[in-house]
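K.L.:
Mind looking over this structure? Questions follow.
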Amino acid sequence: MAAPTFMHCLLAICLLSCAAHAQLSADFYADCCPSLESIVRTEMIKAISRERRIAAKLLRVFFHDCFVQGCDGSVLLDAPGEKTAIPNNNSLLGYEVIDTIKASVEAACPGVVSCADILALTARDGTFLLGGPSWSVPLGRRDSRGGNQSLANDNLPAPDSNLTVLIELFGRQGLSPAEMTTLSGAHTIGFSQCLNFRDRIYNDANISPSFAALRRQTCPRVGGNTTLAPIDVQTPGAFDTDYYQNLLTRRGLFRSDQALFNGGSQDALVRQYSFNPALFRRDFAAAMIKMGNICPLTGDDGEIRANCHVANS
Ligand code: HEM
Ligand SMILES: *[C@@H]1O[C@H](CO)[C@@H](O)[C@H](O)[C@H]1NC(C)=O
Ligand SMILES: *[C@@H]1O[C@H](CO)[C@@H](O)[C@H](O)[C@H]1NC(C)=O
Ligand SMILES: *[C@@H]1O[C@H](CO)[C@@H](O)[C@H](O)[C@H]1NC(C)=O
Ligand SMILES: *[C@@H]1O[C@H](CO)[C@@H](O)[C@H](O)[C@H]1NC(C)=O
């Protein structure tokens, strides 16, 4: 595992520290903030009881953080920055819950826990609290002092990305085609705006006609851009394997979803996940840890932001 991460960080021209000593560990805060994980868990339980979708929102924020300069909290910095990049603007949500959790964590352990680590823990807790797998989160990430909007536009996949592009974009992050298929299973929870799947439900051939008709009811050809639909047509609030079952019956909401089961290299894995939840859960946990290890800032690099929205002055 060390070798590909090393290579990948050099290729991505991350800070040299990534290659030199990017070692995260689950007990990083054991001495300086032993209550961290229970604080995050308690706050996530509260947040989810207010709005179940918060788990989905924050899982996606973590993904969009990690794919741009590594998991360094860069996505949390206010504009001008990654928040207004095309895949994020008016689409990435849930930042206010990170603020609430950061405030609780600062009250218990001032100045030691990064925003990047808090985000990583919320992604794990949200997944688990919606019925998904759990994993031990390697910690010790530090926060970047800046973001990169153009890199966010370049590195994040679009809902009409084809399989070749998806494999390329995940490959840039050191993630395999199989890991891409596994991580896409996050679409078993959460919602999408109409503008992200309109072309597919009106124009594509590889879509279930009844599913397309259902989605057209609330996503007209013109207007309704921001109207939401569940990505998993059955249970957008439960972390299960319906996502893969839907792909088998051409009920993928995005082109990028259906691309995983469309006669290509990922068909076999999609089929396996559709009838083997244990396999999906195990692989998802492992892939989340790997995604969370993308080029973290460690040691003396970066900083512990006092406010997740702005770099320290
Ligand atoms: C494979 C390429 C991917 C593409 C093209 C993609 C694209 C999208 C799009 C367009 C949305 C809807 C956004 C909106 O309407 O505002 C969405 C939602 C979501 N994505 Fe992805 N995504 C991908 C992979 C992932 C991965 C790897 C994760 C996490 C591990 C993830 C987690 C989510 C979640 C949880 C939601 C629902 C968010 C909510 O309800 O607010 N996605 N994705
Ligand atoms: C982001 O969305 C707002 C509307 O909410 C818009 O005014 C702004 O131009 C968008 N920013 C970018 C960079 O596209
Ligand atoms: C942002 O990323 C682009 C690649 O998209 C790169 O050329 C540029 O140097 C980066 N800017 C900063 C400030 O890191
Ligand atoms: C995938 O999309 C890219 C970018 O739009 C395009 O250049 C390429 O030809 C497409 N590949 C296939 C196999 O459709
Ligand atoms: C709706 O979304 C489409 C596709 O992104 C865009 O071309 C159009 O301008 C949007 N319409 C409105 C009213 O925002």
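Lettering and numbering for the structure tokens are positional, with chains as A, B, ... in the shown order, residues counted from 1 in each chain, and ligands counted from 1 in the shown order.
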Write out as a list in words which residues come within 12 Å of Pro80 of chain A when counting only C-alpha atoms, dropping same-chain ones fewer than 6 positions away.
P.N.:
Ser74, Asn89, Gly146, Gly147, Asn148, Gln149, Ser150, His309 and Val310 of chain A
K.L.:
Write the residues you've just listed into a file as a tab-separated table (two decimals), in the first residue's frame, and include all heavy atoms for each of them.
P.N.:
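Ended up saving to part_21.tsv:
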chain	number	residue	atom	x	y	z
A	74	SER	N	-9.68	21.55	2.56
A	74	SER	CA	-9.67	22.69	1.63
A	74	SER	C	-11.08	23.04	1.16
A	74	SER	O	-11.40	24.21	0.93
A	74	SER	CB	-8.77	22.41	0.42
A	74	SER	OG	-9.18	21.24	-0.26
A	89	ASN	N	-20.85	24.23	-6.23
A	89	ASN	CA	-21.65	25.44	-6.04
A	89	ASN	C	-23.15	25.12	-5.97
A	89	ASN	O	-23.68	24.47	-6.87
A	89	ASN	CB	-21.38	26.42	-7.20
A	89	ASN	CG	-21.75	27.85	-6.87
A	89	ASN	OD1	-21.81	28.24	-5.71
A	89	ASN	ND2	-22.01	28.66	-7.91
A	146	GLY	N	-5.04	26.92	1.97
A	146	GLY	CA	-5.75	27.41	0.78
A	146	GLY	C	-6.44	26.27	0.07
A	146	GLY	O	-6.18	25.10	0.35
A	147	GLY	N	-7.33	26.64	-0.87
A	147	GLY	CA	-7.99	25.63	-1.69
A	147	GLY	C	-7.60	25.84	-3.14
A	147	GLY	O	-6.70	26.63	-3.44
A	148	ASN	N	-8.26	25.13	-4.04
A	148	ASN	CA	-7.94	25.29	-5.45
A	148	ASN	C	-9.19	25.01	-6.29
A	148	ASN	O	-9.51	23.86	-6.60
A	148	ASN	CB	-6.78	24.37	-5.84
A	148	ASN	CG	-6.25	24.70	-7.21
A	148	ASN	OD1	-6.99	25.11	-8.10
A	148	ASN	ND2	-4.94	24.50	-7.40
A	149	GLN	N	-9.85	26.08	-6.69
A	149	GLN	CA	-11.10	25.93	-7.43
A	149	GLN	C	-10.90	25.25	-8.78
A	149	GLN	O	-11.71	24.40	-9.18
A	149	GLN	CB	-11.74	27.31	-7.62
A	149	GLN	CG	-13.08	27.22	-8.29
A	149	GLN	CD	-13.88	28.52	-8.26
A	149	GLN	OE1	-14.48	28.88	-9.24
A	149	GLN	NE2	-13.89	29.20	-7.13
A	150	SER	N	-9.83	25.60	-9.49
A	150	SER	CA	-9.66	24.99	-10.82
A	150	SER	C	-9.34	23.50	-10.69
A	150	SER	O	-9.76	22.69	-11.52
A	150	SER	CB	-8.61	25.73	-11.64
A	150	SER	OG	-7.34	25.55	-11.08
A	309	HIS	N	-13.92	27.72	8.19
A	309	HIS	CA	-14.20	28.54	7.00
A	309	HIS	C	-13.02	29.35	6.49
A	309	HIS	O	-13.03	29.80	5.35
A	309	HIS	CB	-15.33	29.53	7.30
A	309	HIS	CG	-16.66	28.90	7.50
A	309	HIS	ND1	-17.65	28.93	6.54
A	309	HIS	CD2	-17.17	28.20	8.54
A	309	HIS	CE1	-18.72	28.29	7.00
A	309	HIS	NE2	-18.45	27.84	8.21
A	310	VAL	N	-12.05	29.61	7.37
A	310	VAL	CA	-10.93	30.50	6.97
A	310	VAL	C	-9.61	29.99	7.51
A	310	VAL	O	-9.55	29.40	8.59
A	310	VAL	CB	-11.15	31.95	7.49
A	310	VAL	CG1	-12.26	32.64	6.74
A	310	VAL	CG2	-11.42	31.96	8.98
K.L.:
Tell me, as a list in words, which residues lie within 7 Å of Ile294 of chain A, counting only C-alpha atoms; anything in the same chain fewer than 6 positions away does not count.
P.N.:
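Near Ile294 of chain A, the qualifying residues are Cys66, Gly70, Cys71 and Gln173 of chain A.
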K.L.:
Pick the closest to ligand 2 from A:Leu253, A:Ala152, A:Leu129, A:Ile48: which is it, counting only C-alpha atoms and all ligand atoms?
P.N.:
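For ligand 2, the nearest of the given residues is A:Ala152.
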K.L.:
Collect all residues with atoms no farther than 6 Å from ligand 1, counting only C-alpha atoms and all ligand atoms, and output them as a short mmCIF file (atom, residue, chain, number, x, y, z; two decimals) with C-alpha atoms, in the first residue's frame.
P.N.:
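The resulting out19.cif:
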data_model
loop_
_atom_site.label_atom_id
_atom_site.label_comp_id
_atom_site.auth_asym_id
_atom_site.auth_seq_id
_atom_site.Cartn_x
_atom_site.Cartn_y
_atom_site.Cartn_z
CA ARG A 53 -29.88 13.60 4.71
CA ALA A 56 -25.28 11.99 2.75
CA LYS A 57 -24.33 15.65 2.56
CA LEU A 59 -20.15 11.94 3.06
CA ARG A 60 -20.10 13.84 -0.23
CA PHE A 63 -15.23 12.90 -1.05
CA SER A 91 -24.79 21.54 -4.43
CA PRO A 157 -16.35 13.63 -11.81
CA ALA A 158 -19.55 14.89 -13.42
CA PRO A 159 -22.87 13.03 -13.51
CA LEU A 183 -17.19 4.17 -3.47
CA SER A 184 -19.98 4.98 -5.93
CA ALA A 186 -22.35 5.94 -1.47
CA HIS A 187 -25.18 6.85 -3.86
CA ILE A 189 -28.06 7.48 0.28
CA GLY A 190 -28.96 11.06 -0.50
CA PHE A 191 -30.58 13.15 -3.19
CA SER A 192 -29.87 14.86 -6.48
CA GLN A 193 -31.16 17.97 -8.18
CA ASN A 196 -27.95 16.57 -12.82
CA SER A 256 -22.01 7.88 -14.17
#
K.L.:
Could you tell me, counting only C-alpha atoms and all ligand atoms, which protein and nucleic acid residues lie no more than 10 Å from ligand 2, written as a PyMOL selection string?
P.N.:
chain A and resi 79-91+149
K.L.:
Output the selection as a PDB file, in the first residue's frame - C-alpha atoms for each residue.
P.N.:
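Generated file (selection23.pdb):
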ATOM      1  CA  ALA A  79     -15.141  31.640  -1.371  1.00  0.00           C
ATOM      2  CA  PRO A  80     -13.169  32.362  -3.388  1.00  0.00           C
ATOM      3  CA  GLY A  81     -12.353  28.684  -3.211  1.00  0.00           C
ATOM      4  CA  GLU A  82     -13.604  25.198  -3.889  1.00  0.00           C
ATOM      5  CA  LYS A  83     -17.108  25.837  -2.559  1.00  0.00           C
ATOM      6  CA  THR A  84     -17.990  27.677  -5.753  1.00  0.00           C
ATOM      7  CA  ALA A  85     -16.345  25.207  -8.147  1.00  0.00           C
ATOM      8  CA  ILE A  86     -18.845  23.782 -10.656  1.00  0.00           C
ATOM      9  CA  PRO A  87     -19.439  20.429  -8.899  1.00  0.00           C
ATOM     10  CA  ASN A  88     -19.851  22.147  -5.507  1.00  0.00           C
ATOM     11  CA  ASN A  89     -21.654  25.444  -6.037  1.00  0.00           C
ATOM     12  CA  ASN A  90     -25.247  25.292  -4.737  1.00  0.00           C
ATOM     13  CA  SER A  91     -24.791  21.544  -4.434  1.00  0.00           C
ATOM     14  CA  GLN A 149     -11.096  25.933  -7.428  1.00  0.00           C
TER      15      GLN A 149
END
K.L.:
Using only C-alpha atoms and all ligand atoms, which residues have at least one atom no more than 9 Å from ligand 5? Output them as an NGL selection string.
P.N.:
:A and (194-196 or 198-199 or 222-226)
K.L.:
Please provide the set of residues having any atom within 10 Å of Ile167 of chain A, restricted to only C-alpha atoms, with same-chain residues fewer than 2 positions apart removed, written as an MDAnalysis selection string.
P.N.:
chainID A and resid 157 161:165 169:172 175:181
K.L.:
Within 8 Å of Phe284 of chain A, counting only C-alpha atoms, which residues show up once you throw out same-chain ones fewer than 6 positions away? Write them as an MDAnalysis selection string, please.
P.N.:
chainID A and resid 133 182:183 185
K.L.:
Write the residues of the preceding selection, restricted to N, CA and C atoms, as a short mmCIF file (atom, residue, chain, number, x, y, z; two decimals), in the first residue's frame.
P.N.:
data_model
loop_
_atom_site.label_atom_id
_atom_site.label_comp_id
_atom_site.auth_asym_id
_atom_site.auth_seq_id
_atom_site.Cartn_x
_atom_site.Cartn_y
_atom_site.Cartn_z
N PRO A 133 -21.53 0.20 7.04
CA PRO A 133 -20.42 -0.36 7.82
C PRO A 133 -19.74 0.72 8.66
N THR A 182 -16.88 0.64 -5.87
CA THR A 182 -17.26 0.49 -4.45
C THR A 182 -17.69 1.83 -3.86
N LEU A 183 -16.89 2.87 -4.08
CA LEU A 183 -17.19 4.17 -3.47
C LEU A 183 -18.46 4.79 -4.07
N GLY A 185 -21.05 3.35 -4.47
CA GLY A 185 -22.14 2.81 -3.67
C GLY A 185 -22.62 3.79 -2.61
#
K.L.:
What's around segment 302-306 of chain A at 10 Å? Count only C-alpha atoms, leave out sequence neighbours fewer than 5 positions away in its own chain, and write the answer as a list in words.
P.N.:
Leu15, Asp72, Gly73, Lys102, Ala103, Glu106, Pro110, Gly111, Val112, Val113, Ser114, Cys115, Ala116, Arg141, Arg142, Asp143, Ser144, Arg145, Gly146, Pro296, Leu297, Ala311, Asn312 and Ser313 of chain A
K.L.:
Between atom CA of Leu93 of chain A and atom CA of Leu58 of chain A, what is the distance in Å, rounded to a tenth?
P.N.:
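Taking atom CA of Leu93 of chain A and atom CA of Leu58 of chain A, their separation equals 7.2 Å.
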